[in-house]
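Beneath this line is the structure, given in structure tokens, with notes to follow.
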Amino acid sequence: MSSLPPHQTPLYNHPLPALEQWLMDLGASREPATPCLWDMRRPTWNARIELEVEELKVSWEQGGNVTVRLFPYGLSRADVESAILAGP
């Protein structure tokens with residue numbers, strides 16, 4: 001697999017294989033029919049991560065409530081990772 005750039009590197013400087021490896025490392029799994037969609041399951045929430053053209057979209061579901069946030073690819077991988085793992 002590809003090696004990841006440093007944590008403070010903006011997402012737009014990650015090649016697609018590195019972004020995919022990062023999501024797998026976080027415990028997300030790719031939707032087989034739609035490669036730009038990833039699912040992540042945690043004990044108290046679930047998230048759907050979408051690799052969109054202009055940003056990374058994260059939709060968290062917890063107890064029937066859905067929270068959606070958009071993260072521009074200009075943010076560092078560390079910042080986006082912290083936000084995703086913090087949950088809704």
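Numbering starts fresh at 1 for the residues of each chain in the structure tokens, the chains themselves are lettered A, B, ... in the order given, and ligands are numbered from 1 as they appear.
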Open item on the list: Quick one: residues within 9 Å of Gly27 of chain A, only C-alpha atoms, excluding same-chain residues fewer than 2 positions away - as a list of chain:residue names?
Closed with: A:Trp22, A:Leu23, A:Met24, A:Asp25, A:Ser29, A:Asp39, A:Met40, A:Arg41
Open item on the list: According to DSSP computed on the backbone, where in chain A is there alpha helix (DSSP H)? Give the residues as a VMD selection string.
Closed with: chain A and resid 16 to 25 77 to 86
Show me a table, sorted first by chain and then by increasing residue number, of the residues of segment 24-79 of chain A having an atom at most 7 Å from segment 1-11 of chain A, each with its shortest atom pair and the distance in Å to one decimal, counting only C-alpha atoms and written as JSON lines.
{"residue": "A:Tyr73", "atom": "CA", "partner": "A:Leu11", "partner_atom": "CA", "distance": 4.8}
{"residue": "A:Gly74", "atom": "CA", "partner": "A:Pro10", "partner_atom": "CA", "distance": 5.1}
{"residue": "A:Leu75", "atom": "CA", "partner": "A:Pro10", "partner_atom": "CA", "distance": 5.0}
{"residue": "A:Ser76", "atom": "CA", "partner": "A:Pro10", "partner_atom": "CA", "distance": 3.9}
{"residue": "A:Arg77", "atom": "CA", "partner": "A:His7", "partner_atom": "CA", "distance": 5.6}
{"residue": "A:Ala78", "atom": "CA", "partner": "A:His7", "partner_atom": "CA", "distance": 5.1}
- [ ] Excluding Leu37 of chain A and any residue of its chain fewer than 5 positions from it, enumerate the residues within 7 Å of it, using only C-alpha atoms, and give them as a list of chain:residue names.
- [x]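 Within the cut-off, the hits are A:Arg30, A:Glu31, A:Arg48, A:Ile49, A:Glu50, A:Leu51.
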TODO: Measure the distance from atom CA of Trp60 of chain A to atom CA of Asn46 of chain A in Å and round it to one decimal.
DONE: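 Those two atoms sit 5.6 Å apart.
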- [ ] Please indicate the distance in Å from atom CA of Thr34 of chain A to atom CA of Glu52 of chain A, rounded to one decimal place.
- [x]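 Those two atoms sit 11.9 Å apart.
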Task: DSSP strand (DSSP E or B) residues within chain A, listed as a count of residues only - done: 35
